file coords.cif (mmCIF, N, CA and C atoms and all ligand atoms)
data_upload
loop_
_atom_site.label_atom_id
_atom_site.label_comp_id
_atom_site.auth_asym_id
_atom_site.auth_seq_id
_atom_site.Cartn_x
_atom_site.Cartn_y
_atom_site.Cartn_z
N MET A 1 13.27 25.37 8.09
CA MET A 1 12.92 23.97 8.41
C MET A 1 11.79 23.95 9.41
N LYS A 2 10.79 23.16 9.14
CA LYS A 2 9.65 23.06 10.05
C LYS A 2 9.97 22.04 11.15
N SER A 3 9.29 22.21 12.29
CA SER A 3 9.51 21.26 13.37
C SER A 3 8.84 19.94 13.03
N LEU A 4 9.23 18.91 13.78
CA LEU A 4 8.67 17.58 13.54
C LEU A 4 7.15 17.61 13.73
N ALA A 5 6.71 18.33 14.77
CA ALA A 5 5.27 18.39 15.04
C ALA A 5 4.53 19.03 13.88
N GLU A 6 5.13 20.10 13.33
CA GLU A 6 4.48 20.76 12.18
C GLU A 6 4.40 19.81 10.99
N LEU A 7 5.51 19.11 10.76
CA LEU A 7 5.52 18.17 9.63
C LEU A 7 4.49 17.08 9.82
N GLN A 8 4.36 16.60 11.06
CA GLN A 8 3.38 15.55 11.32
C GLN A 8 1.96 16.06 11.11
N ALA A 9 1.73 17.32 11.51
CA ALA A 9 0.40 17.91 11.32
C ALA A 9 0.08 17.99 9.83
N ILE A 10 1.08 18.39 9.04
CA ILE A 10 0.87 18.48 7.59
C ILE A 10 0.59 17.09 7.03
N ARG A 11 1.36 16.12 7.52
CA ARG A 11 1.17 14.76 7.01
C ARG A 11 -0.26 14.27 7.32
N ASP A 12 -0.71 14.50 8.55
CA ASP A 12 -2.05 14.03 8.92
C ASP A 12 -3.11 14.71 8.07
N LYS A 13 -2.91 16.01 7.84
CA LYS A 13 -3.88 16.75 7.05
C LYS A 13 -3.94 16.20 5.62
N MET A 14 -2.77 15.94 5.07
CA MET A 14 -2.71 15.41 3.70
C MET A 14 -3.34 14.03 3.64
N LYS A 15 -3.05 13.22 4.65
CA LYS A 15 -3.60 11.87 4.68
C LYS A 15 -5.11 11.92 4.65
N ASN A 16 -5.68 12.82 5.49
CA ASN A 16 -7.14 12.91 5.52
C ASN A 16 -7.70 13.32 4.18
N SER A 17 -7.10 14.32 3.57
CA SER A 17 -7.66 14.76 2.29
C SER A 17 -7.49 13.68 1.23
N MET A 18 -6.39 12.90 1.34
CA MET A 18 -6.22 11.82 0.36
C MET A 18 -7.25 10.73 0.58
N ASN A 19 -7.55 10.46 1.86
CA ASN A 19 -8.54 9.43 2.13
C ASN A 19 -9.89 9.83 1.56
N VAL A 20 -10.22 11.10 1.68
CA VAL A 20 -11.50 11.57 1.14
C VAL A 20 -11.49 11.41 -0.38
N ARG A 21 -10.39 11.84 -0.99
CA ARG A 21 -10.31 11.78 -2.44
C ARG A 21 -10.38 10.34 -2.95
N ASP A 22 -9.72 9.45 -2.20
CA ASP A 22 -9.64 8.07 -2.67
C ASP A 22 -10.83 7.22 -2.23
N ASP A 23 -11.73 7.84 -1.52
CA ASP A 23 -12.80 7.07 -0.92
C ASP A 23 -13.83 6.67 -1.96
N ASN A 24 -13.52 5.61 -2.73
CA ASN A 24 -14.55 5.21 -3.68
C ASN A 24 -15.14 3.87 -3.33
N GLY A 25 -16.01 3.94 -2.36
CA GLY A 25 -16.94 2.93 -1.91
C GLY A 25 -16.50 1.49 -1.88
N ASN A 26 -16.90 0.73 -2.89
CA ASN A 26 -16.74 -0.71 -2.75
C ASN A 26 -15.53 -1.27 -3.50
N LYS A 27 -14.54 -0.44 -3.69
CA LYS A 27 -13.33 -0.93 -4.35
C LYS A 27 -12.27 -1.30 -3.33
N ILE A 28 -11.40 -2.24 -3.73
CA ILE A 28 -10.22 -2.52 -2.94
C ILE A 28 -9.16 -1.50 -3.35
N ARG A 29 -8.52 -0.88 -2.36
CA ARG A 29 -7.48 0.09 -2.70
C ARG A 29 -6.12 -0.44 -2.33
N VAL A 30 -5.20 -0.39 -3.28
CA VAL A 30 -3.81 -0.77 -3.03
C VAL A 30 -3.01 0.52 -3.06
N VAL A 31 -2.36 0.85 -1.95
CA VAL A 31 -1.63 2.11 -1.86
C VAL A 31 -0.15 1.82 -1.62
N VAL A 32 0.67 2.30 -2.52
CA VAL A 32 2.12 2.03 -2.44
C VAL A 32 2.84 3.28 -1.95
N GLY A 33 3.65 3.13 -0.91
CA GLY A 33 4.40 4.26 -0.36
C GLY A 33 5.53 4.65 -1.30
N MET A 34 5.47 5.89 -1.79
CA MET A 34 6.48 6.32 -2.77
C MET A 34 7.24 7.55 -2.27
N ALA A 35 7.53 7.60 -0.97
CA ALA A 35 8.45 8.62 -0.48
C ALA A 35 9.85 8.23 -0.97
N THR A 36 10.83 9.12 -0.79
CA THR A 36 12.17 8.79 -1.29
C THR A 36 12.69 7.49 -0.69
N CYS A 37 12.37 7.25 0.59
CA CYS A 37 12.86 6.02 1.21
C CYS A 37 12.24 4.80 0.52
N GLY A 38 10.98 4.91 0.17
CA GLY A 38 10.30 3.80 -0.51
C GLY A 38 10.89 3.56 -1.88
N ILE A 39 11.11 4.64 -2.60
CA ILE A 39 11.68 4.51 -3.95
C ILE A 39 13.09 3.92 -3.87
N ALA A 40 13.86 4.40 -2.88
CA ALA A 40 15.22 3.88 -2.71
C ALA A 40 15.19 2.39 -2.39
N ALA A 41 14.17 1.96 -1.67
CA ALA A 41 14.08 0.55 -1.28
C ALA A 41 13.49 -0.32 -2.38
N GLY A 42 13.02 0.31 -3.46
CA GLY A 42 12.51 -0.48 -4.58
C GLY A 42 11.01 -0.46 -4.74
N ALA A 43 10.36 0.63 -4.33
CA ALA A 43 8.90 0.69 -4.42
C ALA A 43 8.39 0.80 -5.86
N ARG A 44 9.23 1.35 -6.74
CA ARG A 44 8.73 1.58 -8.10
C ARG A 44 8.37 0.27 -8.83
N PRO A 45 9.28 -0.72 -8.82
CA PRO A 45 8.88 -2.00 -9.45
C PRO A 45 7.68 -2.65 -8.77
N VAL A 46 7.50 -2.40 -7.48
CA VAL A 46 6.34 -2.95 -6.76
C VAL A 46 5.06 -2.28 -7.27
N LEU A 47 5.10 -0.96 -7.37
CA LEU A 47 3.95 -0.22 -7.90
C LEU A 47 3.63 -0.68 -9.32
N ASN A 48 4.66 -0.77 -10.15
CA ASN A 48 4.46 -1.23 -11.53
C ASN A 48 3.88 -2.64 -11.55
N GLY A 49 4.39 -3.48 -10.66
CA GLY A 49 3.91 -4.86 -10.59
C GLY A 49 2.42 -4.92 -10.29
N PHE A 50 1.97 -4.15 -9.31
CA PHE A 50 0.54 -4.14 -8.99
C PHE A 50 -0.28 -3.60 -10.16
N THR A 51 0.19 -2.51 -10.73
CA THR A 51 -0.56 -1.91 -11.84
C THR A 51 -0.71 -2.90 -12.99
N GLU A 52 0.40 -3.57 -13.33
CA GLU A 52 0.36 -4.52 -14.45
C GLU A 52 -0.50 -5.74 -14.14
N GLU A 53 -0.32 -6.29 -12.96
CA GLU A 53 -1.04 -7.51 -12.57
C GLU A 53 -2.55 -7.23 -12.53
N VAL A 54 -2.92 -6.09 -11.97
CA VAL A 54 -4.35 -5.75 -11.85
C VAL A 54 -4.95 -5.52 -13.25
N ALA A 55 -4.17 -4.88 -14.13
CA ALA A 55 -4.66 -4.64 -15.50
C ALA A 55 -4.76 -5.96 -16.26
N LYS A 56 -3.74 -6.81 -16.11
CA LYS A 56 -3.71 -8.08 -16.82
C LYS A 56 -4.91 -8.94 -16.47
N ARG A 57 -5.30 -8.90 -15.20
CA ARG A 57 -6.41 -9.75 -14.76
C ARG A 57 -7.75 -9.04 -14.81
N ASN A 58 -7.76 -7.82 -15.34
CA ASN A 58 -9.00 -7.04 -15.43
C ASN A 58 -9.73 -6.92 -14.10
N LEU A 59 -8.99 -6.64 -13.06
CA LEU A 59 -9.62 -6.50 -11.75
C LEU A 59 -10.17 -5.09 -11.62
N ASP A 60 -11.37 -4.86 -12.14
CA ASP A 60 -11.85 -3.47 -12.12
C ASP A 60 -12.44 -3.08 -10.77
N ASN A 61 -12.39 -3.98 -9.78
CA ASN A 61 -12.77 -3.60 -8.42
C ASN A 61 -11.55 -3.21 -7.58
N VAL A 62 -10.39 -3.06 -8.25
CA VAL A 62 -9.17 -2.71 -7.52
C VAL A 62 -8.58 -1.42 -8.09
N THR A 63 -8.23 -0.48 -7.20
CA THR A 63 -7.50 0.69 -7.67
C THR A 63 -6.10 0.66 -7.06
N VAL A 64 -5.13 1.05 -7.86
CA VAL A 64 -3.75 1.11 -7.37
C VAL A 64 -3.32 2.57 -7.37
N THR A 65 -2.93 3.06 -6.20
CA THR A 65 -2.50 4.46 -6.12
C THR A 65 -1.18 4.53 -5.35
N GLN A 66 -0.59 5.70 -5.35
CA GLN A 66 0.64 5.87 -4.58
C GLN A 66 0.45 6.96 -3.54
N THR A 67 1.24 6.88 -2.51
CA THR A 67 1.20 7.91 -1.49
C THR A 67 2.63 8.27 -1.14
N GLY A 68 2.80 9.25 -0.27
CA GLY A 68 4.15 9.65 0.12
C GLY A 68 4.58 8.86 1.33
N CYS A 69 4.99 9.58 2.33
CA CYS A 69 5.55 8.98 3.52
C CYS A 69 4.49 8.23 4.31
N ILE A 70 4.77 6.98 4.64
CA ILE A 70 3.87 6.20 5.49
C ILE A 70 4.38 6.20 6.93
N GLY A 71 5.65 6.55 7.09
CA GLY A 71 6.18 6.74 8.43
C GLY A 71 6.98 5.57 8.97
N ILE A 72 7.21 4.54 8.15
CA ILE A 72 7.96 3.38 8.63
C ILE A 72 9.05 3.02 7.62
N CYS A 73 10.01 3.93 7.46
CA CYS A 73 11.09 3.77 6.46
C CYS A 73 11.73 2.39 6.50
N GLN A 74 11.95 1.90 7.72
CA GLN A 74 12.72 0.65 7.83
C GLN A 74 12.00 -0.55 7.24
N TYR A 75 10.70 -0.40 6.96
CA TYR A 75 9.95 -1.52 6.40
C TYR A 75 9.63 -1.33 4.92
N GLU A 76 10.14 -0.27 4.32
CA GLU A 76 9.85 -0.02 2.91
C GLU A 76 10.44 -1.12 2.04
N PRO A 77 9.92 -1.35 0.86
CA PRO A 77 8.69 -0.80 0.30
C PRO A 77 7.43 -1.30 1.04
N VAL A 78 6.57 -0.34 1.37
CA VAL A 78 5.35 -0.64 2.11
C VAL A 78 4.14 -0.50 1.19
N VAL A 79 3.23 -1.46 1.29
CA VAL A 79 2.00 -1.43 0.50
C VAL A 79 0.83 -1.62 1.44
N GLU A 80 -0.14 -0.71 1.38
CA GLU A 80 -1.33 -0.86 2.21
C GLU A 80 -2.50 -1.28 1.34
N VAL A 81 -3.26 -2.26 1.82
CA VAL A 81 -4.44 -2.71 1.09
C VAL A 81 -5.66 -2.41 1.95
N TYR A 82 -6.60 -1.65 1.39
CA TYR A 82 -7.84 -1.32 2.08
C TYR A 82 -8.97 -2.04 1.38
N THR A 83 -9.69 -2.87 2.12
CA THR A 83 -10.83 -3.57 1.51
C THR A 83 -12.11 -2.82 1.87
N PRO A 84 -13.17 -3.04 1.09
CA PRO A 84 -14.41 -2.28 1.31
C PRO A 84 -15.02 -2.49 2.70
N ASP A 85 -14.68 -3.59 3.37
CA ASP A 85 -15.21 -3.81 4.72
C ASP A 85 -14.47 -2.99 5.77
N GLY A 86 -13.53 -2.14 5.34
CA GLY A 86 -12.83 -1.26 6.26
C GLY A 86 -11.54 -1.84 6.80
N GLU A 87 -11.18 -3.05 6.36
CA GLU A 87 -9.94 -3.66 6.84
C GLU A 87 -8.73 -3.04 6.14
N LYS A 88 -7.66 -2.84 6.91
CA LYS A 88 -6.42 -2.35 6.33
C LYS A 88 -5.33 -3.37 6.60
N THR A 89 -4.60 -3.75 5.57
CA THR A 89 -3.48 -4.67 5.73
C THR A 89 -2.22 -3.96 5.29
N THR A 90 -1.17 -4.04 6.09
CA THR A 90 0.09 -3.39 5.74
C THR A 90 1.12 -4.45 5.37
N TYR A 91 1.49 -4.48 4.09
CA TYR A 91 2.55 -5.37 3.63
C TYR A 91 3.86 -4.61 3.64
N VAL A 92 4.91 -5.26 4.13
CA VAL A 92 6.20 -4.58 4.25
C VAL A 92 7.29 -5.33 3.51
N LYS A 93 8.38 -4.59 3.26
CA LYS A 93 9.51 -5.15 2.53
C LYS A 93 9.04 -5.89 1.28
N MET A 94 8.19 -5.21 0.54
CA MET A 94 7.62 -5.81 -0.66
C MET A 94 8.64 -5.83 -1.79
N THR A 95 8.47 -6.81 -2.66
CA THR A 95 9.27 -6.88 -3.88
C THR A 95 8.33 -7.18 -5.03
N ALA A 96 8.82 -6.98 -6.24
CA ALA A 96 8.00 -7.27 -7.42
C ALA A 96 7.61 -8.75 -7.42
N GLU A 97 8.48 -9.62 -6.88
CA GLU A 97 8.21 -11.06 -6.87
C GLU A 97 7.04 -11.40 -5.95
N LYS A 98 6.86 -10.62 -4.89
CA LYS A 98 5.78 -10.91 -3.94
C LYS A 98 4.42 -10.44 -4.45
N VAL A 99 4.42 -9.57 -5.46
CA VAL A 99 3.17 -8.92 -5.89
C VAL A 99 2.13 -9.94 -6.35
N ALA A 100 2.55 -10.93 -7.18
CA ALA A 100 1.57 -11.85 -7.76
C ALA A 100 0.81 -12.61 -6.68
N LYS A 101 1.52 -13.00 -5.62
CA LYS A 101 0.87 -13.75 -4.54
C LYS A 101 -0.16 -12.88 -3.81
N VAL A 102 0.20 -11.62 -3.57
CA VAL A 102 -0.74 -10.72 -2.90
C VAL A 102 -1.97 -10.53 -3.78
N VAL A 103 -1.75 -10.38 -5.08
CA VAL A 103 -2.89 -10.17 -5.99
C VAL A 103 -3.78 -11.41 -5.99
N THR A 104 -3.19 -12.59 -6.16
CA THR A 104 -4.00 -13.81 -6.24
C THR A 104 -4.69 -14.11 -4.91
N ASP A 105 -3.90 -14.15 -3.84
CA ASP A 105 -4.47 -14.58 -2.57
C ASP A 105 -5.38 -13.53 -1.95
N HIS A 106 -4.89 -12.29 -1.90
CA HIS A 106 -5.64 -11.28 -1.16
C HIS A 106 -6.67 -10.56 -2.04
N LEU A 107 -6.21 -9.98 -3.14
CA LEU A 107 -7.12 -9.16 -3.94
C LEU A 107 -8.19 -10.00 -4.63
N VAL A 108 -7.81 -11.20 -5.09
CA VAL A 108 -8.79 -12.03 -5.80
C VAL A 108 -9.54 -12.94 -4.84
N ASN A 109 -8.80 -13.61 -3.93
CA ASN A 109 -9.44 -14.62 -3.08
C ASN A 109 -9.74 -14.15 -1.65
N GLY A 110 -9.39 -12.91 -1.34
CA GLY A 110 -9.74 -12.35 -0.04
C GLY A 110 -8.97 -12.94 1.14
N LYS A 111 -7.81 -13.56 0.86
CA LYS A 111 -7.02 -14.16 1.94
C LYS A 111 -5.73 -13.36 2.13
N VAL A 112 -5.58 -12.74 3.29
CA VAL A 112 -4.38 -11.94 3.56
C VAL A 112 -3.15 -12.83 3.53
N VAL A 113 -2.07 -12.35 2.90
CA VAL A 113 -0.81 -13.11 2.88
C VAL A 113 -0.04 -12.73 4.14
N SER A 114 -0.34 -13.42 5.24
CA SER A 114 0.12 -12.91 6.53
C SER A 114 1.63 -12.91 6.67
N GLU A 115 2.34 -13.81 5.95
CA GLU A 115 3.80 -13.80 6.12
C GLU A 115 4.47 -12.55 5.54
N TYR A 116 3.77 -11.78 4.74
CA TYR A 116 4.34 -10.53 4.20
C TYR A 116 3.90 -9.30 5.00
N THR A 117 3.05 -9.48 6.00
CA THR A 117 2.50 -8.32 6.69
C THR A 117 3.44 -7.82 7.78
N ILE A 118 3.19 -6.60 8.20
CA ILE A 118 4.06 -6.00 9.21
C ILE A 118 4.01 -6.80 10.50
N GLY A 119 2.88 -7.41 10.80
CA GLY A 119 2.72 -8.20 12.02
C GLY A 119 3.73 -9.33 12.11
N SER A 120 3.97 -10.04 10.99
CA SER A 120 4.89 -11.16 11.09
C SER A 120 6.33 -10.73 10.87
N VAL A 121 6.57 -9.69 10.07
CA VAL A 121 7.95 -9.24 9.84
C VAL A 121 8.53 -8.56 11.08
N ALA A 122 7.70 -7.85 11.82
CA ALA A 122 8.18 -7.07 12.97
C ALA A 122 8.45 -7.93 14.20
N LYS A 123 8.11 -9.21 14.14
CA LYS A 123 8.28 -10.07 15.32
C LYS A 123 9.75 -10.25 15.68
S1 LIG B 1 10.44 9.10 4.84
FE1 LIG B 1 10.38 6.95 4.95
S2 LIG B 1 8.40 6.45 5.47
FE2 LIG B 1 8.50 8.61 5.53
#
call {"tool": "encode", "arguments": {"input": "coords.cif", "output": "structure tokens"}}
result
Amino acid sequence: MKSLAELQAIRDKMKNSMNVRDDNGNKIRVVVGMATCGIAAGARPVLNGFTEEVAKRNLDNVTVTQTGCIGICQYEPVVEVYTPDGEKTTYVKMTAEKVAKVVTDHLVNGKVVSEYTIGSVAK
């Protein structure tokens, strides 16, 4: 068993290499946390929801990917949205029902759905 510090170092290293790999310029990136805690909390239907909604609307400026541990199990399912201007929004306790609103308001119209973000849920 590795120590917590070692695991965190591995996580940071993986995150960096994933950021490089996923770094495709002017696209919006939707990243769904798919660690076991995320899957247990229902991340799979959320990931499917984003994939389907983005395909249905032909949003070719949006990529949907998955990642492992985001580090905040208690807020899973967690979805991070990265916009080309460098902004990161963290949506927490996501459900398949919430996906359409995030796609319409945020991905299409550029308006963050603040009531689903970690900022308002953690209050
Ligand atoms: S194991 Fe839950 S966020 Fe990492």
call {"tool": "atom_distance", "arguments": {"input": "coords.cif", "atom1": "atom CA of Ala100 of chain A", "atom2": "atom C of Met14 of chain A"}}
result
28.7 Å
call {"tool": "residues_around", "arguments": {"input": "coords.cif", "residues": "Pro77 of chain A", "least_positions_apart": "3", "cutoff": "9 Å", "atoms": "only C-alpha atoms", "output": "NGL selection string"}}
result
:A and (32-34 or 37-44 or 46 or 73-74 or 91-95)
call {"tool": "residues_near_ligand", "arguments": {"input": "coords.cif", "ligand": "ligand LIG 1 (chain B)", "cutoff": "6 Å", "atoms": "only C-alpha atoms and all ligand atoms", "output": "list in words"}}
result
Ala35, Cys37, Cys69, Ile70, Gly71, Ile72 and Cys73 of chain A
call {"tool": "closest_residue", "arguments": {"input": "coords.cif", "among": "A:Val108, A:Thr89, A:Ala5, A:Val79", "to": "Val62 of chain A", "atoms": "only C-alpha atoms"}}
result
A:Val108
call {"tool": "select_by_dssp", "arguments": {"input": "coords.cif", "residues": "segment 71-104 of chain A", "states": "strand (DSSP E or B)", "output": "list in words"}}
result
Val79, Glu80, Val81, Tyr82, Lys88, Thr89, Thr90 and Tyr91 of chain A
call {"tool": "atom_distance", "arguments": {"input": "coords.cif", "atom1": "atom CA of Val113 of chain A", "atom2": "atom CA of Val81 of chain A"}}
result
11.2 Å
call {"tool": "closest_residue", "arguments": {"input": "coords.cif", "among": "A:Ala96, A:Leu59, A:Val121, A:Val102", "to": "Pro45 of chain A", "atoms": "only C-alpha atoms"}}
result
A:Ala96
call {"tool": "closest_residue", "arguments": {"input": "coords.cif", "among": "A:Tyr75, A:Glu87, A:Arg29, A:Glu80", "to": "Thr63 of chain A", "atoms": "only C-alpha atoms"}}
result
A:Arg29
call {"tool": "atom_distance", "arguments": {"input": "coords.cif", "atom1": "atom N of Ile28 of chain A", "atom2": "atom N of Gly86 of chain A"}}
result
9.3 Å
call {"tool": "axis_aligned_box", "arguments": {"input": "coords.cif", "around": "segment 63-82 of chain A", "padding_each_side": "8 Å", "output": "JSON"}}
result
{"center_x": 1.9, "center_y": 3.5, "center_z": 0.6, "size_x": 37.7, "size_y": 28.4, "size_z": 32.8}
call {"tool": "closest_residue", "arguments": {"input": "coords.cif", "among": "A:Gly49, A:Gly25, A:Gly119, A:Gly68", "to": "Thr83 of chain A", "atoms": "only C-alpha atoms"}}
result
A:Gly25
call {"tool": "decode", "arguments": {"input": "coords.cif", "residues": "segment 73-90 of chain A", "atoms": "N, CA and C atoms", "output": "PDB file, in the first residue's frame"}}
result
ATOM      1  N   CYS A  73     -15.247  13.054  -2.845  1.00  0.00           N
ATOM      2  CA  CYS A  73     -16.242  11.968  -2.884  1.00  0.00           C
ATOM      3  C   CYS A  73     -17.628  12.418  -2.441  1.00  0.00           C
ATOM      4  N   GLN A  74     -17.658  13.234  -1.390  1.00  0.00           N
ATOM      5  CA  GLN A  74     -18.963  13.562  -0.809  1.00  0.00           C
ATOM      6  C   GLN A  74     -19.842  14.386  -1.740  1.00  0.00           C
ATOM      7  N   TYR A  75     -19.246  14.926  -2.802  1.00  0.00           N
ATOM      8  CA  TYR A  75     -20.034  15.737  -3.740  1.00  0.00           C
ATOM      9  C   TYR A  75     -20.301  15.020  -5.061  1.00  0.00           C
ATOM     10  N   GLU A  76     -19.908  13.768  -5.151  1.00  0.00           N
ATOM     11  CA  GLU A  76     -20.116  13.034  -6.398  1.00  0.00           C
ATOM     12  C   GLU A  76     -21.604  12.859  -6.680  1.00  0.00           C
ATOM     13  N   PRO A  77     -22.013  12.669  -7.909  1.00  0.00           N
ATOM     14  CA  PRO A  77     -21.226  12.791  -9.135  1.00  0.00           C
ATOM     15  C   PRO A  77     -20.778  14.237  -9.417  1.00  0.00           C
ATOM     16  N   VAL A  78     -19.500  14.367  -9.734  1.00  0.00           N
ATOM     17  CA  VAL A  78     -18.905  15.676  -9.990  1.00  0.00           C
ATOM     18  C   VAL A  78     -18.606  15.823 -11.480  1.00  0.00           C
ATOM     19  N   VAL A  79     -18.932  16.994 -12.010  1.00  0.00           N
ATOM     20  CA  VAL A  79     -18.659  17.285 -13.418  1.00  0.00           C
ATOM     21  C   VAL A  79     -17.930  18.615 -13.488  1.00  0.00           C
ATOM     22  N   GLU A  80     -16.784  18.630 -14.165  1.00  0.00           N
ATOM     23  CA  GLU A  80     -16.055  19.883 -14.334  1.00  0.00           C
ATOM     24  C   GLU A  80     -16.205  20.360 -15.765  1.00  0.00           C
ATOM     25  N   VAL A  81     -16.468  21.653 -15.914  1.00  0.00           N
ATOM     26  CA  VAL A  81     -16.587  22.236 -17.250  1.00  0.00           C
ATOM     27  C   VAL A  81     -15.470  23.261 -17.410  1.00  0.00           C
ATOM     28  N   TYR A  82     -14.647  23.067 -18.442  1.00  0.00           N
ATOM     29  CA  TYR A  82     -13.560  23.992 -18.739  1.00  0.00           C
ATOM     30  C   TYR A  82     -13.907  24.724 -20.027  1.00  0.00           C
ATOM     31  N   THR A  83     -13.968  26.041 -19.955  1.00  0.00           N
ATOM     32  CA  THR A  83     -14.259  26.806 -21.170  1.00  0.00           C
ATOM     33  C   THR A  83     -12.944  27.336 -21.735  1.00  0.00           C
ATOM     34  N   PRO A  84     -12.941  27.681 -23.030  1.00  0.00           N
ATOM     35  CA  PRO A  84     -11.691  28.099 -23.677  1.00  0.00           C
ATOM     36  C   PRO A  84     -11.056  29.334 -23.036  1.00  0.00           C
ATOM     37  N   ASP A  85     -11.841  30.142 -22.327  1.00  0.00           N
ATOM     38  CA  ASP A  85     -11.255  31.318 -21.665  1.00  0.00           C
ATOM     39  C   ASP A  85     -10.532  30.956 -20.376  1.00  0.00           C
ATOM     40  N   GLY A  86     -10.428  29.656 -20.072  1.00  0.00           N
ATOM     41  CA  GLY A  86      -9.676  29.214 -18.910  1.00  0.00           C
ATOM     42  C   GLY A  86     -10.516  29.068 -17.655  1.00  0.00           C
ATOM     43  N   GLU A  87     -11.821  29.330 -17.760  1.00  0.00           N
ATOM     44  CA  GLU A  87     -12.685  29.203 -16.591  1.00  0.00           C
ATOM     45  C   GLU A  87     -12.995  27.734 -16.305  1.00  0.00           C
ATOM     46  N   LYS A  88     -13.015  27.390 -15.016  1.00  0.00           N
ATOM     47  CA  LYS A  88     -13.402  26.035 -14.628  1.00  0.00           C
ATOM     48  C   LYS A  88     -14.609  26.132 -13.708  1.00  0.00           C
ATOM     49  N   THR A  89     -15.637  25.359 -14.005  1.00  0.00           N
ATOM     50  CA  THR A  89     -16.820  25.318 -13.155  1.00  0.00           C
ATOM     51  C   THR A  89     -16.977  23.902 -12.642  1.00  0.00           C
ATOM     52  N   THR A  90     -17.203  23.751 -11.350  1.00  0.00           N
ATOM     53  CA  THR A  90     -17.381  22.421 -10.775  1.00  0.00           C
ATOM     54  C   THR A  90     -18.842  22.224 -10.382  1.00  0.00           C
TER      55      THR A  90
END
